[in-house]
Structures are given as structure tokens and as C-alpha cells.
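K.L.:
So I've got this file, work31.cif, and it contains mmCIF, C-alpha atoms:
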data_protein
#
loop_
_atom_site.label_atom_id
_atom_site.label_comp_id
_atom_site.auth_asym_id
_atom_site.auth_seq_id
_atom_site.Cartn_x
_atom_site.Cartn_y
_atom_site.Cartn_z
CA MET U 1 -44.19 0.99 55.66
CA LYS U 2 -43.48 3.50 58.42
CA SER U 3 -40.29 1.63 59.33
CA PHE U 4 -39.17 1.73 55.72
CA PHE U 5 -39.42 5.51 55.56
CA LYS U 6 -37.55 5.86 58.83
CA ILE U 7 -34.70 3.63 57.64
CA PHE U 8 -34.68 5.29 54.23
CA GLY U 9 -34.32 8.69 55.84
CA LEU U 10 -31.45 7.44 57.96
CA PHE U 11 -29.66 6.06 54.92
CA MET U 12 -30.04 9.35 53.08
CA LEU U 13 -28.39 11.16 55.95
CA ILE U 14 -25.59 8.60 56.12
CA LEU U 15 -24.82 9.04 52.43
CA LEU U 16 -24.35 12.78 52.86
CA SER U 17 -20.65 12.64 53.83
CA CYS U 18 -19.44 15.16 51.30
CA ARG U 19 -15.80 16.07 51.38
CA GLU U 20 -13.78 16.67 48.25
CA ARG U 21 -10.47 14.85 47.87
CA ASP U 22 -8.09 17.71 47.39
CA ASN U 23 -4.50 16.58 47.87
CA MET U 24 -2.03 16.30 44.98
CA PHE U 25 -0.39 13.23 46.54
CA ASP U 26 -3.68 11.31 46.90
CA PRO U 27 -4.06 8.67 44.12
CA GLY U 28 -7.81 8.60 44.81
CA ASN U 29 -8.10 12.26 43.85
CA SER U 30 -9.82 12.78 40.49
CA ASP U 31 -7.13 15.33 39.55
CA PHE U 32 -4.22 13.12 40.59
CA THR U 33 -1.40 13.47 38.04
CA PRO U 34 1.99 11.86 38.58
CA PRO U 35 5.12 13.75 37.52
CA PRO U 36 6.80 12.84 34.21
CA ALA U 37 9.81 10.54 34.17
CA ILE U 38 13.24 12.02 34.89
CA PHE U 39 15.52 12.16 31.86
CA SER U 40 18.67 13.16 33.69
CA ALA U 41 19.67 14.31 37.17
CA LEU U 42 23.24 15.62 37.40
CA ALA U 43 25.54 17.48 39.76
CA ASP U 44 26.63 19.91 37.04
CA SER U 45 29.24 22.10 38.59
CA ALA U 46 30.89 23.03 41.85
CA ILE U 47 30.66 26.45 43.46
CA TYR U 48 33.80 27.83 45.12
CA ASN U 49 34.42 30.89 47.21
CA GLU U 50 37.36 33.29 46.87
CA GLN U 51 39.62 30.97 48.86
CA TRP U 52 38.82 28.21 46.45
CA ILE U 53 36.88 26.26 49.01
CA LEU U 54 33.94 24.19 47.85
CA ILE U 55 30.80 25.77 49.24
CA GLY U 56 28.05 24.53 46.95
CA ILE U 57 27.03 22.34 44.06
CA HIS U 58 24.78 23.15 41.14
CA PHE U 59 22.20 20.47 40.25
CA THR U 60 20.19 20.22 37.04
CA ILE U 61 17.23 17.84 36.66
CA ASN U 62 15.60 17.30 33.26
CA PHE U 63 12.29 15.52 32.65
CA VAL U 64 11.11 13.54 29.65
CA GLU U 65 7.88 15.48 29.28
CA GLU U 66 6.35 18.69 30.51
CA PHE U 67 4.47 18.80 33.76
CA GLU U 68 0.67 18.58 33.28
CA LYS U 69 -0.13 20.06 36.64
CA GLU U 70 1.48 22.08 39.42
CA THR U 71 3.49 19.60 41.49
CA ILE U 72 5.79 19.84 44.47
CA LEU U 73 8.95 17.71 44.43
CA HIS U 74 10.85 17.07 47.62
CA ASN U 75 14.67 16.86 47.25
CA VAL U 76 16.95 15.37 49.88
CA LEU U 77 20.74 15.41 49.76
CA TYR U 78 22.29 12.39 51.48
CA GLU U 79 25.89 11.90 52.52
CA PHE U 80 27.41 8.44 52.85
CA VAL U 81 29.84 8.26 55.74
CA ASP U 82 31.37 4.85 56.46
CA GLY U 83 28.52 3.26 54.49
CA ILE U 84 25.85 5.00 56.59
CA LYS U 85 23.41 7.29 54.82
CA THR U 86 22.71 10.54 56.62
CA GLU U 87 20.54 13.41 55.49
CA LYS U 88 22.54 16.56 54.87
CA THR U 89 19.87 18.97 53.67
CA SER U 90 16.49 19.04 51.93
CA PHE U 91 14.41 21.48 49.93
CA ASP U 92 11.13 21.58 47.98
CA VAL U 93 10.76 22.57 44.36
CA ARG U 94 7.41 23.71 42.92
CA MET U 95 7.04 22.66 39.29
CA ASN U 96 4.40 24.53 37.31
CA TYR U 97 2.39 23.47 34.32
CA GLY U 98 4.65 23.25 31.24
CA ASP U 99 7.96 23.07 33.11
CA ARG U 100 10.43 20.50 31.88
CA MET U 101 13.51 21.08 34.05
CA TYR U 102 14.74 22.78 37.17
CA ASP U 103 18.12 23.61 38.64
CA ARG U 104 19.22 24.52 42.12
CA ASP U 105 22.39 25.59 43.91
CA VAL U 106 22.77 23.62 47.13
CA TYR U 107 25.12 25.27 49.60
CA ALA U 108 26.62 23.09 52.35
CA THR U 109 29.95 21.86 53.71
CA TYR U 110 31.07 19.05 51.45
CA ASP U 111 33.65 16.60 52.76
CA PHE U 112 35.35 13.95 50.71
CA GLY U 113 33.00 11.07 50.07
CA LEU U 114 29.88 9.88 48.32
CA PHE U 115 26.71 11.99 47.97
CA CYS U 116 23.26 11.45 46.52
CA LEU U 117 20.48 13.91 45.74
CA THR U 118 17.16 12.00 45.77
CA ILE U 119 14.00 13.47 44.26
CA TYR U 120 10.69 12.44 45.91
CA PHE U 121 7.08 12.82 44.85
CA GLY U 122 4.67 12.23 47.73
CA GLY U 123 7.29 10.30 49.65
CA VAL U 124 8.08 8.05 46.67
CA PRO U 125 11.59 8.40 45.17
CA ILE U 126 11.45 9.09 41.43
CA GLY U 127 15.09 9.88 40.65
CA ALA U 128 18.57 10.51 42.03
CA ALA U 129 21.84 12.25 41.21
CA THR U 130 24.86 10.43 42.65
CA PHE U 131 28.33 11.98 42.81
CA ALA U 132 31.50 11.94 44.82
CA ILE U 133 33.77 14.67 46.15
CA VAL U 134 37.38 13.75 45.45
CA ASP U 135 40.71 15.43 45.90
CA ASP U 136 42.35 16.97 42.84
CA ASN U 137 45.66 18.60 43.68
CA GLY U 138 44.40 19.82 47.01
CA ALA U 139 41.03 21.02 45.72
CA LYS U 140 37.70 19.34 46.12
CA VAL U 141 36.10 18.46 42.82
CA ILE U 142 33.00 16.64 41.73
CA GLU U 143 33.26 13.21 40.22
CA LEU U 144 30.09 11.87 38.67
CA ILE U 145 29.26 8.26 39.36
CA GLU U 146 27.82 6.36 36.43
CA ASP U 147 25.81 3.17 36.79
CA MET H 148 -92.04 18.55 97.81
CA ILE H 149 -88.81 20.24 98.66
CA PRO H 150 -87.22 17.11 100.18
CA CYS H 151 -88.18 15.23 97.02
CA LEU H 152 -86.50 17.84 94.90
CA LEU H 153 -83.44 17.69 97.05
CA MET H 154 -83.45 13.89 96.83
CA LEU H 155 -83.60 14.07 93.07
CA CYS H 156 -80.80 16.61 93.00
CA PHE H 157 -78.71 14.32 95.16
CA ILE H 158 -79.32 11.39 92.88
CA ASN H 159 -78.31 13.40 89.80
CA LEU H 160 -75.19 14.69 91.49
CA ASN H 161 -74.18 11.12 92.19
CA ASN H 162 -75.11 10.09 88.71
CA ASP H 163 -71.53 9.35 87.75
CA SER H 164 -71.21 6.66 90.40
CA LEU H 165 -74.02 4.76 88.69
CA GLU H 166 -72.33 4.70 85.36
CA VAL H 167 -71.47 1.28 84.07
CA ASN H 168 -68.62 2.40 81.89
CA GLN H 169 -66.16 4.05 84.16
CA ARG H 170 -63.92 6.63 82.62
CA VAL H 171 -60.39 5.27 82.02
CA LEU H 172 -57.44 7.45 83.05
CA PRO H 173 -55.47 8.70 80.00
CA LYS H 174 -52.05 7.11 79.37
CA THR H 175 -49.06 9.41 79.81
CA HIS H 176 -45.80 9.14 77.84
CA SER H 177 -43.58 11.20 80.11
CA THR H 178 -40.95 8.50 80.49
CA LYS H 179 -40.66 8.03 76.74
CA ILE H 180 -40.34 11.78 76.25
CA VAL H 181 -37.47 11.97 78.74
CA ILE H 182 -35.63 8.95 77.38
CA ASN H 183 -35.98 9.97 73.74
CA GLY H 184 -35.00 13.52 74.63
CA PHE H 185 -31.81 12.37 76.33
CA MET H 186 -30.99 10.10 73.41
CA SER H 187 -31.49 12.94 70.97
CA VAL H 188 -29.29 15.37 72.92
CA GLY H 189 -26.59 12.77 73.53
CA LEU H 190 -26.40 11.72 69.90
CA GLY H 191 -26.41 15.35 68.82
CA ILE H 192 -23.43 16.13 71.05
CA THR H 193 -21.63 13.04 69.78
CA ALA H 194 -22.28 14.10 66.19
CA GLY H 195 -20.79 17.51 66.97
CA ILE H 196 -17.67 15.96 68.47
CA PHE H 197 -17.09 13.74 65.45
CA HIS H 198 -17.77 16.67 63.13
CA VAL H 199 -14.89 18.58 64.73
CA ARG H 200 -12.65 15.51 64.58
CA GLY H 201 -13.53 15.06 60.91
CA ASN H 202 -12.60 18.67 60.18
CA ASP H 203 -9.23 18.22 61.89
CA ALA H 204 -8.60 15.02 59.97
CA TYR H 205 -9.48 16.76 56.69
CA THR H 206 -7.08 19.61 57.47
CA ASP H 207 -4.34 17.05 58.10
CA TYR H 208 -5.26 15.38 54.80
CA GLN H 209 -4.98 18.64 52.86
CA ASN H 210 -1.57 19.31 54.43
CA SER H 211 -0.21 15.81 53.75
CA THR H 212 3.05 15.69 51.83
CA THR H 213 3.32 11.96 51.16
CA ILE H 214 1.00 9.45 49.47
CA ALA H 215 0.76 7.20 52.53
CA GLU H 216 0.00 10.13 54.80
CA ALA H 217 -2.69 11.45 52.43
CA VAL H 218 -4.40 8.05 52.18
CA ASP H 219 -4.33 7.50 55.97
CA ASN H 220 -5.70 10.95 56.71
CA TRP H 221 -8.44 10.52 54.11
CA GLU H 222 -9.53 7.21 55.67
CA ARG H 223 -9.61 8.92 59.06
CA THR H 224 -11.72 11.74 57.63
CA LYS H 225 -14.21 9.31 56.08
CA LEU H 226 -14.54 7.34 59.32
CA ASN H 227 -15.25 10.46 61.39
CA ASP H 228 -17.75 11.72 58.80
CA ASN H 229 -19.64 8.42 58.71
CA VAL H 230 -19.90 8.24 62.51
CA ARG H 231 -21.05 11.87 62.53
CA ASN H 232 -23.77 11.14 60.00
CA ILE H 233 -25.03 8.10 61.89
CA CYS H 234 -25.17 10.05 65.17
CA ALA H 235 -26.89 12.99 63.48
CA ALA H 236 -29.49 10.71 61.91
CA GLY H 237 -30.10 9.09 65.28
CA ALA H 238 -30.45 12.48 66.95
CA VAL H 239 -33.05 13.57 64.39
CA PHE H 240 -34.89 10.27 64.78
CA PHE H 241 -35.10 10.49 68.57
CA ALA H 242 -35.99 14.19 68.43
CA ALA H 243 -38.92 13.31 66.16
CA ARG H 244 -40.04 10.62 68.62
CA THR H 245 -39.79 13.09 71.50
CA ILE H 246 -42.01 15.58 69.71
CA TYR H 247 -44.43 12.82 68.72
CA TYR H 248 -44.87 11.60 72.30
CA HIS H 249 -45.10 15.16 73.59
CA VAL H 250 -47.97 15.91 71.21
CA LYS H 251 -49.61 12.62 72.11
CA ASN H 252 -49.34 13.48 75.78
CA ARG H 253 -50.99 16.82 75.22
CA LYS H 254 -53.86 15.19 73.34
CA ASN H 255 -54.43 12.62 76.09
CA LYS H 256 -54.76 15.32 78.73
CA LYS H 257 -57.78 16.82 76.99
CA PRO H 258 -60.96 15.17 78.36
CA ASP H 259 -63.44 13.31 76.18
CA GLY H 260 -67.12 14.11 76.07
CA PRO H 261 -69.35 16.84 74.92
CA LYS H 262 -67.78 20.18 74.47
CA SER H 263 -70.69 22.08 75.87
CA SER H 264 -72.28 21.33 79.21
CA THR H 265 -75.17 22.66 81.11
CA LEU H 266 -75.04 23.70 84.68
CA LEU H 267 -78.72 23.10 85.33
CA ASP H 268 -80.76 20.31 83.86
CA PHE H 269 -84.48 20.89 83.89
CA ARG H 270 -86.47 17.90 82.62
CA TYR H 271 -90.01 16.82 82.41
CA ILE H 272 -90.41 13.23 83.53
CA ASP H 273 -93.27 10.93 82.70
CA THR H 274 -95.06 11.33 86.03
CA SER H 275 -96.07 14.88 85.17
CA LYS H 276 -93.35 16.28 87.28
CA TRP H 277 -90.46 18.55 86.57
CA VAL H 278 -87.06 17.71 87.88
CA LEU H 279 -84.32 20.23 88.47
CA SER H 280 -80.85 18.83 88.92
CA ILE H 281 -77.28 19.96 88.78
CA LYS H 282 -75.09 18.25 86.20
CA LYS H 283 -71.41 17.67 86.62
CA LEU H 284 -69.29 20.02 84.51
CA PHE H 285 -66.63 18.64 82.23
#
Give the structure from this file in C-alpha cells form.
P.N.:
Amino acid sequence: MKSFFKIFGLFMLILLSCRERDNMFDPGNSDFTPPPAIFSALADSAIYNEQWILIGIHFTINFVEEFEKETILHNVLYEFVDGIKTEKTSFDVRMNYGDRMYDRDVYATYDFGLFCLTIYFGGVPIGAATFAIVDDNGAKVIELIED
Amino acid sequence: MIPCLLMLCFINLNNDSLEVNQRVLPKTHSTKIVINGFMSVGLGITAGIFHVRGNDAYTDYQNSTTIAEAVDNWERTKLNDNVRNICAAGAVFFAARTIYYHVKNRKNKKPDGPKSSTLLDFRYIDTSKWVLSIKKLF
């Protein structure tokens, strides 16, 4: 009987490992909420300076539903050079409860070629906006790539 | 007369050597106290180390930005917390044993026997004589 109480006490102490799961990217978290599906992700328009040089691109991402919880989405802009994907720039977007879209101006040096803005949630890609920079009478313009 | 009295005193002083039941020396638990004490302190220090490691792992978990990273850091946190709890339980267990043997040791050091004792024992024996002897104090 004495041994039982000793072992029982030990088990009670072992069970007391209390830490709350508190990370939005943890599927085991009781409050885990994935982001809604992406309706459209487009490179809308090009941004030029006074010398008519392409300096940035405006992106607009629309979702099917509103966000149920504050979520952080990681965006990475890739450039394809000779078939090799290289990361050009990245940024995080904080989506609040009720948001249904976001847009961002991404400033960088854009050469002729293929580009892709990939949206990640917790390291998992959930959408992408693919486009190309082509020459149009000496000016760099955006050409959307459709599937 | 006086030599007889002295003889009787001598016999009473040596009374303990005539006892059939010799007094047994009390058992000490000093070794157990030391061993259990070391175990308790060692396990307590180990529990503290794993508590700090668990806190670091939990901080990494809260700052994770990917699903895989969050799951790995959570598993690491749980492992450190479980080891901490086992070591802490062991430390408490051995600390309780240390105290138990320490109390037992203290009890064994107290002698058995009557609590009060007389310095002089004056008796009347059956041969119409009085005997004065000195009793051993406890």
C-alpha cells in the first residue's frame, strides 16, 4: 500500500507538464485556423519612375472568404533565370479578422524573364501569382501567364 | 560491617555485567541519509537544467514561423518538461527518504529504559539488613 501511494504521487507530478500550445502555425493548437482559399492572385500593374523605368509591381490577392483569425502570410517573389528559381525578395503580411484581400507594391529591379510571387502559410504554399516581364517597344511591361 | 557495605556497593555497581540481556547498540542510518541526500540534490539540479531547456524550447516554439518548425519545437518542449517532472518527482522522493532516515536516526540515539533514575538505592533485604548501593544512571 505504501508503494502504491509513492508511485501514485510520482505519476501525479509527471502529469503536471502544463504548457499551452500557443502558435498559429501549430495544427495541434486548439485555436488553429487555416487561412481561406485564394480566389485570385495577380500582378495588377507596373510602377514606373520619371524615366519610364520599371521599378515596382503592384500585386492584389483576393480570398474566397474572410479571415476568421489574425494570420500572418509570408510572400516570396522568385525570379526564374535560365530555369533556376532564385529568391528576389520576401515580405510578411498580417491579415486581421474579417479581411478578404490585400495588395502590396513590391519594389525591385526587374529584368526580362519569368517571375512568381508565392504566398505561404506556416511554410506551406497556398497560392501564387505568375507573370513575365517582356519588352514592348523598348519598355518593360507585365505579361500575365495563364494556366 | 563497613567492608560488607562496600562489597555490596561493588556488586551493585557491577550489576550490569550480570545482566542476561545485554543492551544492543542502536542501528544508525547515516549512509542512507548521505546517499539519499545526494540523490535528491542531484535530481533537483537535473530538474532545474531541464526546466531551463524546456523554457528555451517553448520560446522557440512560440517564435516558430512554419508548421514543421512549430511541431518540432513543441515535441522538444514536451520532452524537456517530462524529463523535468520525472527528475523533480525523484528529488522529492529521495528528499522524503532522507528526512525519514534522519528522524529515525535521531530516535535511535535516545536510550531505552526508565526516564527517571535514582542515584542511591536504599533497600531492605530479607536478612534484616539494609543495603545502600549506587545505581548506574541512564
K.L.:
Could you expand the PyMOL selection byres ((chain H) within 12 of (chain U)) into the explicit residues it covers here, written as a short mmCIF file (atom, residue, chain, number, x, y, z; two decimals) with C-alpha atoms, in the frame of the given file?
P.N.:
data_model
loop_
_atom_site.label_atom_id
_atom_site.label_comp_id
_atom_site.auth_asym_id
_atom_site.auth_seq_id
_atom_site.Cartn_x
_atom_site.Cartn_y
_atom_site.Cartn_z
CA ALA H 194 -22.28 14.10 66.19
CA HIS H 198 -17.77 16.67 63.13
CA GLY H 201 -13.53 15.06 60.91
CA ASN H 202 -12.60 18.67 60.18
CA ALA H 204 -8.60 15.02 59.97
CA TYR H 205 -9.48 16.76 56.69
CA THR H 206 -7.08 19.61 57.47
CA ASP H 207 -4.34 17.05 58.10
CA TYR H 208 -5.26 15.38 54.80
CA GLN H 209 -4.98 18.64 52.86
CA ASN H 210 -1.57 19.31 54.43
CA SER H 211 -0.21 15.81 53.75
CA THR H 212 3.05 15.69 51.83
CA THR H 213 3.32 11.96 51.16
CA ILE H 214 1.00 9.45 49.47
CA ALA H 215 0.76 7.20 52.53
CA GLU H 216 0.00 10.13 54.80
CA ALA H 217 -2.69 11.45 52.43
CA VAL H 218 -4.40 8.05 52.18
CA ASP H 219 -4.33 7.50 55.97
CA ASN H 220 -5.70 10.95 56.71
CA TRP H 221 -8.44 10.52 54.11
CA GLU H 222 -9.53 7.21 55.67
CA THR H 224 -11.72 11.74 57.63
CA LYS H 225 -14.21 9.31 56.08
CA LEU H 226 -14.54 7.34 59.32
CA ASN H 227 -15.25 10.46 61.39
CA ASP H 228 -17.75 11.72 58.80
CA ASN H 229 -19.64 8.42 58.71
CA VAL H 230 -19.90 8.24 62.51
CA ARG H 231 -21.05 11.87 62.53
CA ASN H 232 -23.77 11.14 60.00
CA ILE H 233 -25.03 8.10 61.89
CA CYS H 234 -25.17 10.05 65.17
CA ALA H 235 -26.89 12.99 63.48
CA ALA H 236 -29.49 10.71 61.91
CA GLY H 237 -30.10 9.09 65.28
CA ALA H 238 -30.45 12.48 66.95
CA VAL H 239 -33.05 13.57 64.39
CA PHE H 240 -34.89 10.27 64.78
CA PHE H 241 -35.10 10.49 68.57
CA ALA H 243 -38.92 13.31 66.16
CA ARG H 244 -40.04 10.62 68.62
#
K.L.:
In file coordinates, which residues lie within 6 Å of (30.5, 22.2, 51.3) using all atoms listed in the file, given as a list in words?
P.N.:
Leu54, Ile55, Gly56, Ala108, Thr109 and Tyr110 of chain U
K.L.:
State, in Å with one decimal place, the distance from CA of Phe67 (chain U) to CA of Asn29 (chain U).
P.N.:
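That distance, rounded to one decimal, is 17.4 Å.
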K.L.:
Which residues match the PyMOL selection byres ((chain U and resi 141) around 9) in the file above, as a list in words?
P.N.:
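On this input, the PyMOL selection byres ((chain U and resi 141) around 9) captures Ser45, Ala46, Leu54, Ala132, Ile133, Val134, Asp135, Asp136, Ala139, Lys140, Ile142 and Glu143 of chain U.
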K.L.:
With the file shown as input, list the residues that the PyMOL selection byres ((chain U and resi 93) around 9) selects, as a PyMOL selection string.
P.N.:
chain U and resi 71-75+91-92+94-95+102+104
K.L.:
Please compute the CA of Met101 (chain U)-CA of Pro35 (chain U) distance, one decimal, in Å.
P.N.:
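Pair CA of Met101 (chain U) / CA of Pro35 (chain U) returns 11.7 Å.
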K.L.:
If I take CA of Ile119 (chain U) and CA of Arg223 (chain H), how far is one from the other in Å, to one decimal?
P.N.:
28.2 Å
K.L.:
Can you write region 232-243 of chain H from the block above with all heavy atoms, as a compact mmCIF listing (two decimals), in the first residue's frame?
P.N.:
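Output saved as decode14.txt:
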# COMPACT_ATOMS: atom_id res chain seq x y z
N ASN H 232 9.85 16.75 -14.97
CA ASN H 232 8.88 16.27 -13.98
C ASN H 232 9.35 14.98 -13.31
O ASN H 232 9.20 14.80 -12.11
CB ASN H 232 7.52 16.04 -14.64
CG ASN H 232 6.87 17.35 -15.04
OD1 ASN H 232 7.24 18.40 -14.55
ND2 ASN H 232 5.91 17.28 -15.93
N ILE H 233 9.94 14.09 -14.11
CA ILE H 233 10.43 12.83 -13.53
C ILE H 233 11.55 13.10 -12.53
O ILE H 233 11.58 12.55 -11.43
CB ILE H 233 10.91 11.88 -14.65
CG1 ILE H 233 9.70 11.40 -15.49
CG2 ILE H 233 11.66 10.70 -14.09
CD1 ILE H 233 10.08 10.67 -16.74
N CYS H 234 12.48 13.99 -12.91
CA CYS H 234 13.60 14.32 -12.01
C CYS H 234 13.09 15.02 -10.75
O CYS H 234 13.58 14.77 -9.64
CB CYS H 234 14.61 15.20 -12.74
SG CYS H 234 15.53 14.33 -14.01
N ALA H 235 12.12 15.89 -10.90
CA ALA H 235 11.58 16.60 -9.74
C ALA H 235 10.88 15.62 -8.80
O ALA H 235 11.03 15.71 -7.57
CB ALA H 235 10.62 17.70 -10.20
N ALA H 236 10.12 14.69 -9.37
CA ALA H 236 9.45 13.69 -8.54
C ALA H 236 10.47 12.83 -7.80
O ALA H 236 10.31 12.54 -6.61
CB ALA H 236 8.55 12.81 -9.41
N GLY H 237 11.53 12.45 -8.50
CA GLY H 237 12.59 11.68 -7.85
C GLY H 237 13.28 12.46 -6.75
O GLY H 237 13.60 11.92 -5.69
N ALA H 238 13.51 13.74 -6.98
CA ALA H 238 14.15 14.58 -5.96
C ALA H 238 13.29 14.67 -4.70
O ALA H 238 13.79 14.56 -3.58
CB ALA H 238 14.42 15.98 -6.52
N VAL H 239 11.99 14.83 -4.89
CA VAL H 239 11.07 14.90 -3.75
C VAL H 239 11.05 13.56 -3.01
O VAL H 239 11.08 13.51 -1.77
CB VAL H 239 9.66 15.28 -4.22
CG1 VAL H 239 8.64 15.10 -3.11
CG2 VAL H 239 9.64 16.71 -4.72
N PHE H 240 11.06 12.49 -3.78
CA PHE H 240 11.02 11.14 -3.19
C PHE H 240 12.26 10.91 -2.33
O PHE H 240 12.17 10.48 -1.16
CB PHE H 240 10.93 10.12 -4.32
CG PHE H 240 10.98 8.70 -3.88
CD1 PHE H 240 9.91 8.12 -3.21
CD2 PHE H 240 12.09 7.92 -4.13
CE1 PHE H 240 9.95 6.80 -2.80
CE2 PHE H 240 12.14 6.60 -3.72
CZ PHE H 240 11.08 6.04 -3.06
N PHE H 241 13.43 11.21 -2.87
CA PHE H 241 14.66 10.95 -2.12
C PHE H 241 14.82 11.94 -0.96
O PHE H 241 15.41 11.60 0.07
CB PHE H 241 15.87 11.01 -3.05
CG PHE H 241 16.02 9.78 -3.88
CD1 PHE H 241 15.76 9.80 -5.25
CD2 PHE H 241 16.40 8.57 -3.32
CE1 PHE H 241 15.88 8.66 -6.02
CE2 PHE H 241 16.52 7.43 -4.09
CZ PHE H 241 16.26 7.47 -5.44
N ALA H 242 14.31 13.14 -1.11
CA ALA H 242 14.34 14.10 0.00
C ALA H 242 13.49 13.59 1.16
O ALA H 242 13.88 13.70 2.33
CB ALA H 242 13.84 15.46 -0.48
N ALA H 243 12.33 13.01 0.83
CA ALA H 243 11.47 12.45 1.87
C ALA H 243 12.17 11.28 2.58
O ALA H 243 12.10 11.15 3.81
CB ALA H 243 10.15 11.98 1.25
